[in-house]
Amino acid sequence: MLVRNKMMASVLSLFLVATLVLAGCSGKNEKNTASEPADSAKASEKASEAASEKASEEPAKEVTISYTIWDKIQQPAMEAIAKEFTAENPNIKVKVEVIPWGDYWTKMSAAAPAGTLPDVFWMHGGQFIKYATGGFLEPITDKVQSGIIDLNNYAANLGSIYTLDGQNYGVPKDFDTIGLAYNKELFDQAGVPYPDDTWDYNKLAEVAKQLSQPDKGIYGFGAKLDTQVGYWNDMLANGGHILSDDLSKSGYDEPASIEALKFRYQMILDKASPTHQQMTDTESTEMFKSGKLAMIFEGSWRNADIDGSEIIHGKWNWAKLPKGKVKRGNIINGLGNVMSAKGKNKAEAGLFLQFLGSKRAAEITAEMGAAIPAFNGTQDAWVKSKPDLNLQVFIDQVADAIPYPSGTKAYPVWFAKESEIMSQAWGGVISIEEGAKKVAEMMNQAIADSK
């Protein structure tokens, strides 16, 4: 355990108090109202006293902790956060490392059992169960229970994504929902009005046909094989389910889910969308960025990536997803910051983790347009970071969204097999209905085996 001199103890005490004051003054939203704990003053006092006691045991020393992420686009914002943290904690340097998504989990999977995970790193809801059950993550339950980290500060109950068996492991970093990206130039050329809040799935399919020019390699919509940014949203909008509300049964074999899956696939058959093979050869968002797709469903995290394309910059925008028979479906997910259970600098990593979860870190994330910050009351700055784009749709759709369905021990099993089965359906090897029923059977077995 590192010990600091009295001056450092005072700095830490003030930092912890400031963290709690920010937590008590956080903004509110309709889905999740942040509230100041009744014993927040006591929690602040205890946290400060504990930090002072720990800090006075031995002199402060210079340490460098590692912070690993997977998005190079967000690297400048994460480095800005690290710089501000070090300004407040001069003896703690933070090295931000980027491992691309394609390699990230391969390297983390190797590092976890070897005890060489980064001190602090990004965690995805789809990978969380694996790392939590493996004992690779440091619990932060004590910080949550003491009020040092207040999970009520974050939108849409995002803290629950990184909770397992009563233990808290992650601090919400950001959240994402799904939007409809559209190419204004292709709409203008065809004389078709842009998508708006009145659109339903029938309108989407109708306009997709109007805008398709297969002979020129241009298509109205990318009906790709995808879960979070694809047919999960369709299934929900049509009244189907991914999982039952209690997460005990697959919803893939429900008639409403099958109908939604068939509807999406029909756009490929109608040549209003590229084929599955075409979208395998060239990812649909890359097609959109090159002006070959008029519309796609995509996540808010791709905003900077799409807008960075010289071909489409200034020629596109966002709209809400279309309405289905029952509602407007949407998936919400949130990245979390976590600590390694085997880190050599846990005290310093813990302080950095707290700062990453602070309002100030969220403000930096928002102002630099890196992602939608999870901290309540800070999302407006992200919306304003790109005033020429309708980013407000992602915030508005939180009300329609359900959490990414990764909260069971069966998830890593069934999710890995889901795409294997559905790719056969999307490739025409088996029917859509057969594929959906096979997925449901496989999911239900995985759920039963995990009990």
# chains A, B, ... in the order shown; residues from 1 in each chain; ligands from 1
$ residues_around --residues "A:Ile99" --least-positions-apart "5" --cutoff "9 Å" --atoms "only C-alpha atoms" --output "list in words"
Thr68, Ile69, Trp70, Asp71, Lys72, Tyr104 and Lys107 of chain A
$ residues_around --residues "stretch 268-277 of chain A" --least-positions-apart "5" --cutoff "8 Å" --atoms "only C-alpha atoms" --output "number ranges by chain"
A: 205, 208-209, 211-212, 214, 219-225, 426-427
$ atom_distance --atom1 "atom CA of A:Pro139" --atom2 "atom CA of A:Ala341"
7.8 Å
$ residues_around --residues "A:Lys437" --least-positions-apart "5" --cutoff "12 Å" --atoms "only C-alpha atoms" --output "PyMOL selection string"
chain A and resi 250-255+257-258+261+418+421-422+425+430-432+442-444
$ closest_atom_pairs --of "stretch 66-183 of chain A" --to "stretch 278-300 of chain A" --cutoff "8 Å" --atoms "only C-alpha atoms" --output "JSON lines"
{"residue": "A:Asp176", "atom": "CA", "partner": "A:Ser300", "partner_atom": "CA", "distance": 5.6}
{"residue": "A:Thr177", "atom": "CA", "partner": "A:Gly299", "partner_atom": "CA", "distance": 5.9}
{"residue": "A:Ile178", "atom": "CA", "partner": "A:Gly299", "partner_atom": "CA", "distance": 4.4}
{"residue": "A:Gly179", "atom": "CA", "partner": "A:Glu298", "partner_atom": "CA", "distance": 5.6}
{"residue": "A:Leu180", "atom": "CA", "partner": "A:Phe297", "partner_atom": "CA", "distance": 4.7}
{"residue": "A:Ala181", "atom": "CA", "partner": "A:Ile296", "partner_atom": "CA", "distance": 5.4}
{"residue": "A:Tyr182", "atom": "CA", "partner": "A:Met295", "partner_atom": "CA", "distance": 4.4}
{"residue": "A:Asn183", "atom": "CA", "partner": "A:Ala294", "partner_atom": "CA", "distance": 5.0}
$ closest_residue --among "A:Ile331, A:Ile242, A:Ala304, A:Ala77" --to "A:Phe415" --atoms "only C-alpha atoms"
A:Ile242
$ select_by_dssp --residues "stretch 239-406 of chain A" --states "strand (DSSP E or B)" --output "list in words"
Leu243, Ser250, Leu293, Met295, Ile296, Phe297, Glu298, Gly299, Trp316, Asn317, Trp318, Ala319, Lys323, Ile331, Ile332, Asn333, Gly336, Asn337, Val338, Met339, Ser340, Ile372, Pro373, Phe375, Ile402 and Pro403 of chain A
$ write_last_selection --atoms "N, CA, C and O atoms" --output "compact mmCIF listing (two decimals), in the first residue's frame"
# COMPACT_ATOMS: atom_id res chain seq x y z
N LEU A 243 -34.52 -11.74 -25.47
CA LEU A 243 -34.71 -12.62 -24.33
C LEU A 243 -35.99 -12.21 -23.62
O LEU A 243 -36.41 -11.05 -23.71
N SER A 250 -35.20 -17.52 -24.74
CA SER A 250 -34.96 -16.80 -25.99
C SER A 250 -36.27 -16.31 -26.59
O SER A 250 -37.31 -16.96 -26.48
N LEU A 293 -24.41 3.62 -50.14
CA LEU A 293 -25.63 3.26 -49.41
C LEU A 293 -26.36 4.54 -49.00
O LEU A 293 -25.75 5.47 -48.48
N MET A 295 -28.92 4.57 -46.72
CA MET A 295 -29.30 4.49 -45.31
C MET A 295 -28.68 3.27 -44.65
O MET A 295 -28.57 2.21 -45.27
N ILE A 296 -28.34 3.42 -43.39
CA ILE A 296 -27.92 2.29 -42.56
C ILE A 296 -28.34 2.56 -41.11
O ILE A 296 -28.51 3.71 -40.71
N PHE A 297 -28.51 1.49 -40.36
CA PHE A 297 -28.59 1.61 -38.90
C PHE A 297 -27.14 1.60 -38.41
O PHE A 297 -26.33 0.78 -38.84
N GLU A 298 -26.82 2.50 -37.49
CA GLU A 298 -25.47 2.50 -36.95
C GLU A 298 -25.46 3.08 -35.55
O GLU A 298 -26.40 3.77 -35.15
N GLY A 299 -24.43 2.76 -34.79
CA GLY A 299 -24.32 3.21 -33.42
C GLY A 299 -23.72 4.60 -33.31
O GLY A 299 -22.95 5.04 -34.18
N TRP A 316 -24.55 14.15 -45.06
CA TRP A 316 -25.32 13.11 -44.37
C TRP A 316 -25.85 13.64 -43.05
O TRP A 316 -25.49 14.73 -42.61
N ASN A 317 -26.73 12.84 -42.42
CA ASN A 317 -27.26 13.21 -41.11
C ASN A 317 -27.86 11.98 -40.43
O ASN A 317 -27.87 10.89 -41.01
N TRP A 318 -28.38 12.21 -39.22
CA TRP A 318 -29.01 11.14 -38.43
C TRP A 318 -30.50 11.38 -38.27
O TRP A 318 -30.94 12.52 -38.19
N ALA A 319 -31.26 10.30 -38.19
CA ALA A 319 -32.68 10.34 -37.83
C ALA A 319 -32.93 9.21 -36.83
O ALA A 319 -32.09 8.33 -36.65
N LYS A 323 -40.46 3.52 -36.63
CA LYS A 323 -41.39 2.89 -35.69
C LYS A 323 -41.81 1.52 -36.23
O LYS A 323 -41.99 1.35 -37.43
N ILE A 331 -31.40 -0.47 -28.85
CA ILE A 331 -30.53 -1.11 -27.86
C ILE A 331 -29.63 -0.05 -27.26
O ILE A 331 -29.01 0.74 -27.98
N ILE A 332 -29.55 -0.03 -25.93
CA ILE A 332 -28.61 0.88 -25.27
C ILE A 332 -27.52 0.03 -24.61
O ILE A 332 -27.79 -1.01 -24.03
N ASN A 333 -26.31 0.48 -24.79
CA ASN A 333 -25.18 -0.19 -24.15
C ASN A 333 -24.26 0.89 -23.60
O ASN A 333 -24.33 2.05 -24.02
N GLY A 336 -17.67 0.57 -19.78
CA GLY A 336 -17.28 0.82 -18.41
C GLY A 336 -15.77 0.85 -18.27
O GLY A 336 -15.04 0.26 -19.08
N ASN A 337 -15.27 1.55 -17.26
CA ASN A 337 -13.86 1.51 -16.90
C ASN A 337 -13.71 0.55 -15.74
O ASN A 337 -14.48 0.62 -14.77
N VAL A 338 -12.74 -0.34 -15.83
CA VAL A 338 -12.53 -1.35 -14.79
C VAL A 338 -11.05 -1.40 -14.42
O VAL A 338 -10.19 -0.88 -15.14
N MET A 339 -10.75 -2.06 -13.28
CA MET A 339 -9.39 -2.23 -12.78
C MET A 339 -8.99 -3.70 -12.81
O MET A 339 -9.83 -4.58 -12.61
N SER A 340 -7.72 -3.95 -13.02
CA SER A 340 -7.20 -5.30 -12.94
C SER A 340 -7.11 -5.75 -11.49
O SER A 340 -6.68 -4.99 -10.61
N ILE A 372 -20.94 9.73 -26.07
CA ILE A 372 -21.99 10.27 -25.21
C ILE A 372 -21.63 9.91 -23.77
O ILE A 372 -21.67 8.73 -23.40
N PRO A 373 -21.27 10.87 -22.94
CA PRO A 373 -20.87 10.53 -21.57
C PRO A 373 -22.03 10.00 -20.75
O PRO A 373 -23.18 10.42 -20.92
N PHE A 375 -22.38 10.26 -17.46
CA PHE A 375 -22.68 11.09 -16.28
C PHE A 375 -23.87 12.01 -16.59
O PHE A 375 -23.86 12.76 -17.57
N ILE A 402 -33.73 -0.67 -24.62
CA ILE A 402 -33.55 -1.68 -23.57
C ILE A 402 -32.06 -1.98 -23.48
O ILE A 402 -31.33 -1.84 -24.48
N PRO A 403 -31.56 -2.40 -22.31
CA PRO A 403 -30.13 -2.67 -22.17
C PRO A 403 -29.66 -3.82 -23.05
O PRO A 403 -30.41 -4.77 -23.32
$ closest_residue --among "A:Leu137, A:Ala366, A:Ile148, A:Val429" --to "A:Tyr162" --atoms "only C-alpha atoms"
A:Leu137
$ residues_around --residues "stretch 120-135 of chain A" --least-positions-apart "5" --cutoff "9 Å" --atoms "only C-alpha atoms" --output "PDB file with C-alpha atoms, in the first residue's frame"
ATOM      1  CA  ILE A  65      -0.297   3.336 -14.563  1.00  0.00           C
ATOM      2  CA  SER A  66      -1.542   1.911 -17.836  1.00  0.00           C
ATOM      3  CA  TYR A  67      -4.942   2.757 -19.321  1.00  0.00           C
ATOM      4  CA  THR A  68      -5.892   0.668 -22.344  1.00  0.00           C
ATOM      5  CA  ILE A  69      -8.688   1.478 -24.805  1.00  0.00           C
ATOM      6  CA  TRP A  70      -9.671   0.236 -28.269  1.00  0.00           C
ATOM      7  CA  TRP A 105     -10.050  -9.061 -26.676  1.00  0.00           C
ATOM      8  CA  SER A 109      -7.839 -12.932 -23.011  1.00  0.00           C
ATOM      9  CA  ALA A 112      -5.997 -12.038 -17.913  1.00  0.00           C
ATOM     10  CA  PRO A 113      -4.804 -15.496 -16.785  1.00  0.00           C
ATOM     11  CA  ILE A 161     -24.271  -3.681 -16.609  1.00  0.00           C
ATOM     12  CA  TYR A 162     -21.080  -4.188 -14.599  1.00  0.00           C
ATOM     13  CA  THR A 163     -22.617  -5.786 -11.520  1.00  0.00           C
ATOM     14  CA  LEU A 164     -22.558  -9.530 -10.819  1.00  0.00           C
ATOM     15  CA  TYR A 169     -16.817  -3.904 -10.928  1.00  0.00           C
ATOM     16  CA  GLY A 170     -17.142  -1.028 -13.384  1.00  0.00           C
ATOM     17  CA  LYS A 173     -17.940   5.687 -19.079  1.00  0.00           C
ATOM     18  CA  ASN A 333     -25.179  -0.188 -24.151  1.00  0.00           C
ATOM     19  CA  GLY A 334     -22.504   1.489 -22.113  1.00  0.00           C
ATOM     20  CA  LEU A 335     -18.773   1.030 -21.858  1.00  0.00           C
ATOM     21  CA  GLY A 336     -17.281   0.823 -18.410  1.00  0.00           C
ATOM     22  CA  ASN A 337     -13.864   1.509 -16.905  1.00  0.00           C
ATOM     23  CA  VAL A 338     -12.527  -1.353 -14.793  1.00  0.00           C
ATOM     24  CA  MET A 339      -9.393  -2.232 -12.781  1.00  0.00           C
ATOM     25  CA  SER A 340      -7.196  -5.304 -12.938  1.00  0.00           C
ATOM     26  CA  ALA A 341      -7.393  -7.543  -9.881  1.00  0.00           C
ATOM     27  CA  GLY A 343      -2.489  -4.611 -10.775  1.00  0.00           C
ATOM     28  CA  ALA A 349      -5.444   2.984 -10.325  1.00  0.00           C
ATOM     29  CA  GLY A 350      -8.398   3.362  -7.955  1.00  0.00           C
ATOM     30  CA  PHE A 352      -7.800   7.287 -11.617  1.00  0.00           C
ATOM     31  CA  LEU A 353     -10.897   5.090 -11.894  1.00  0.00           C
ATOM     32  CA  TYR A 404     -27.788  -4.814 -24.219  1.00  0.00           C
ATOM     33  CA  PRO A 405     -28.813  -8.369 -23.203  1.00  0.00           C
ATOM     34  CA  SER A 406     -25.515  -9.585 -21.783  1.00  0.00           C
ATOM     35  CA  GLY A 407     -26.390  -9.902 -18.113  1.00  0.00           C
ATOM     36  CA  THR A 408     -26.337 -13.688 -17.722  1.00  0.00           C
ATOM     37  CA  LYS A 409     -23.600 -16.285 -17.492  1.00  0.00           C
ATOM     38  CA  TYR A 411     -24.504 -14.897 -22.765  1.00  0.00           C
ATOM     39  CA  PRO A 412     -20.895 -15.633 -23.808  1.00  0.00           C
ATOM     40  CA  PHE A 415     -23.786 -15.018 -28.442  1.00  0.00           C
TER      41      PHE A 415
END
$ atom_distance --atom1 "atom CA of A:Ala256" --atom2 "atom CA of A:Met235"
6.8 Å
$ select_by_dssp --residues "stretch 328-417 of chain A" --states "alpha helix (DSSP H)" --output "PyMOL selection string"
chain A and resi 346-356+359-367+379-384+392-396+411-417
$ residues_around --residues "A:Thr86" --least-positions-apart "5" --cutoff "12 Å" --atoms "only C-alpha atoms" --output "list of chain:residue names"
A:Glu62, A:Val63, A:Thr64, A:Ile65, A:Glu79, A:Ala80, A:Ile81, A:Asn91, A:Ile92, A:Lys93, A:Val94, A:Lys95, A:Glu348, A:Ala349, A:Leu351, A:Phe352, A:Phe355
$ residues_around --residues "A:Leu151" --least-positions-apart "4" --cutoff "10 Å" --atoms "only C-alpha atoms" --output "PyMOL selection string"
chain A and resi 23+34-35+144-145+147+155+157-160+168+170-172+357+375
$ atom_distance --atom1 "atom CA of A:Asp142" --atom2 "atom CA of A:Ala156"
22.1 Å
$ closest_residue --among "A:Leu389, A:Ala401, A:Ala446, A:Ala362" --to "A:Lys417" --atoms "only C-alpha atoms"
A:Ala446
$ closest_residue --among "A:Gly435, A:Lys184, A:Asp226, A:Glu97" --to "A:Ile312" --atoms "only C-alpha atoms"
A:Lys184
$ decode --residues "stretch 122-134 of chain A" --atoms "all heavy atoms" --output "tab-separated table (two decimals), in the first residue's frame"
chain	number	residue	atom	x	y	z
A	122	TRP	N	-10.84	-0.38	-20.69
A	122	TRP	CA	-12.24	-0.35	-21.12
A	122	TRP	C	-12.82	-1.76	-21.05
A	122	TRP	O	-12.16	-2.75	-21.40
A	122	TRP	CB	-12.34	0.13	-22.56
A	122	TRP	CG	-12.24	1.61	-22.74
A	122	TRP	CD1	-11.98	2.56	-21.78
A	122	TRP	CD2	-12.38	2.33	-23.97
A	122	TRP	NE1	-11.95	3.81	-22.34
A	122	TRP	CE2	-12.19	3.70	-23.68
A	122	TRP	CE3	-12.62	1.95	-25.27
A	122	TRP	CZ2	-12.26	4.69	-24.66
A	122	TRP	CZ3	-12.69	2.92	-26.26
A	122	TRP	CH2	-12.51	4.27	-25.96
A	123	MET	N	-14.09	-1.81	-20.64
A	123	MET	CA	-14.81	-3.09	-20.60
A	123	MET	C	-16.12	-2.93	-21.38
A	123	MET	O	-16.78	-1.90	-21.28
A	123	MET	CB	-15.10	-3.50	-19.16
A	123	MET	CG	-15.90	-4.78	-19.00
A	123	MET	SD	-15.25	-6.23	-19.87
A	123	MET	CE	-13.66	-6.44	-19.05
A	124	HIS	N	-16.47	-3.97	-22.12
A	124	HIS	CA	-17.72	-4.00	-22.90
A	124	HIS	C	-18.68	-4.95	-22.21
A	124	HIS	O	-18.27	-5.99	-21.66
A	124	HIS	CB	-17.42	-4.49	-24.32
A	124	HIS	CG	-18.59	-4.44	-25.25
A	124	HIS	ND1	-19.54	-5.45	-25.32
A	124	HIS	CD2	-18.98	-3.49	-26.14
A	124	HIS	CE1	-20.44	-5.12	-26.22
A	124	HIS	NE2	-20.13	-3.95	-26.74
A	125	GLY	N	-19.97	-4.61	-22.24
A	125	GLY	CA	-20.98	-5.45	-21.60
A	125	GLY	C	-20.96	-6.89	-22.09
A	125	GLY	O	-21.24	-7.81	-21.32
A	126	GLY	N	-20.62	-7.08	-23.35
A	126	GLY	CA	-20.61	-8.43	-23.90
A	126	GLY	C	-19.45	-9.28	-23.43
A	126	GLY	O	-19.47	-10.51	-23.59
A	127	GLN	N	-18.43	-8.67	-22.85
A	127	GLN	CA	-17.25	-9.41	-22.36
A	127	GLN	C	-17.19	-9.47	-20.84
A	127	GLN	O	-16.40	-10.23	-20.28
A	127	GLN	CB	-15.98	-8.72	-22.88
A	127	GLN	CG	-15.81	-8.78	-24.38
A	127	GLN	CD	-15.37	-10.14	-24.86
A	127	GLN	OE1	-14.79	-10.93	-24.13
A	127	GLN	NE2	-15.65	-10.44	-26.12
A	128	PHE	N	-18.01	-8.68	-20.18
A	128	PHE	CA	-17.90	-8.49	-18.73
A	128	PHE	C	-18.00	-9.79	-17.93
A	128	PHE	O	-17.19	-10.05	-17.02
A	128	PHE	CB	-18.98	-7.51	-18.25
A	128	PHE	CG	-19.16	-7.50	-16.76
A	128	PHE	CD1	-18.15	-7.06	-15.92
A	128	PHE	CD2	-20.35	-7.96	-16.17
A	128	PHE	CE1	-18.31	-7.05	-14.55
A	128	PHE	CE2	-20.51	-7.96	-14.81
A	128	PHE	CZ	-19.49	-7.51	-13.99
A	129	ILE	N	-18.99	-10.63	-18.23
A	129	ILE	CA	-19.22	-11.85	-17.44
A	129	ILE	C	-17.96	-12.72	-17.41
A	129	ILE	O	-17.56	-13.24	-16.36
A	129	ILE	CB	-20.40	-12.66	-18.01
A	129	ILE	CG1	-21.71	-11.85	-17.89
A	129	ILE	CG2	-20.53	-13.99	-17.29
A	129	ILE	CD1	-22.16	-11.60	-16.49
A	130	LYS	N	-17.33	-12.86	-18.54
A	130	LYS	CA	-16.12	-13.68	-18.64
A	130	LYS	C	-15.03	-13.20	-17.68
A	130	LYS	O	-14.40	-14.00	-16.98
A	130	LYS	CB	-15.61	-13.64	-20.09
A	130	LYS	CG	-14.25	-14.28	-20.30
A	130	LYS	CD	-13.82	-14.11	-21.75
A	130	LYS	CE	-12.40	-14.64	-21.97
A	130	LYS	NZ	-11.97	-14.47	-23.38
A	131	TYR	N	-14.82	-11.91	-17.63
A	131	TYR	CA	-13.73	-11.36	-16.81
A	131	TYR	C	-14.11	-11.29	-15.34
A	131	TYR	O	-13.25	-11.47	-14.46
A	131	TYR	CB	-13.31	-9.99	-17.34
A	131	TYR	CG	-12.55	-10.10	-18.64
A	131	TYR	CD1	-13.22	-10.25	-19.85
A	131	TYR	CD2	-11.17	-10.13	-18.66
A	131	TYR	CE1	-12.54	-10.41	-21.05
A	131	TYR	CE2	-10.46	-10.28	-19.85
A	131	TYR	CZ	-11.15	-10.43	-21.04
A	131	TYR	OH	-10.46	-10.60	-22.22
A	132	ALA	N	-15.38	-11.05	-15.06
A	132	ALA	CA	-15.82	-11.00	-13.66
A	132	ALA	C	-15.81	-12.39	-13.03
A	132	ALA	O	-15.32	-12.57	-11.92
A	132	ALA	CB	-17.22	-10.39	-13.57
A	133	THR	N	-16.34	-13.37	-13.74
A	133	THR	CA	-16.38	-14.72	-13.17
A	133	THR	C	-14.98	-15.33	-13.09
A	133	THR	O	-14.73	-16.22	-12.27
A	133	THR	CB	-17.29	-15.65	-14.01
A	133	THR	OG1	-16.84	-15.65	-15.38
A	133	THR	CG2	-18.73	-15.19	-13.95
A	134	GLY	N	-14.07	-14.86	-13.92
A	134	GLY	CA	-12.70	-15.37	-13.89
A	134	GLY	C	-11.85	-14.78	-12.77
A	134	GLY	O	-10.71	-15.19	-12.58
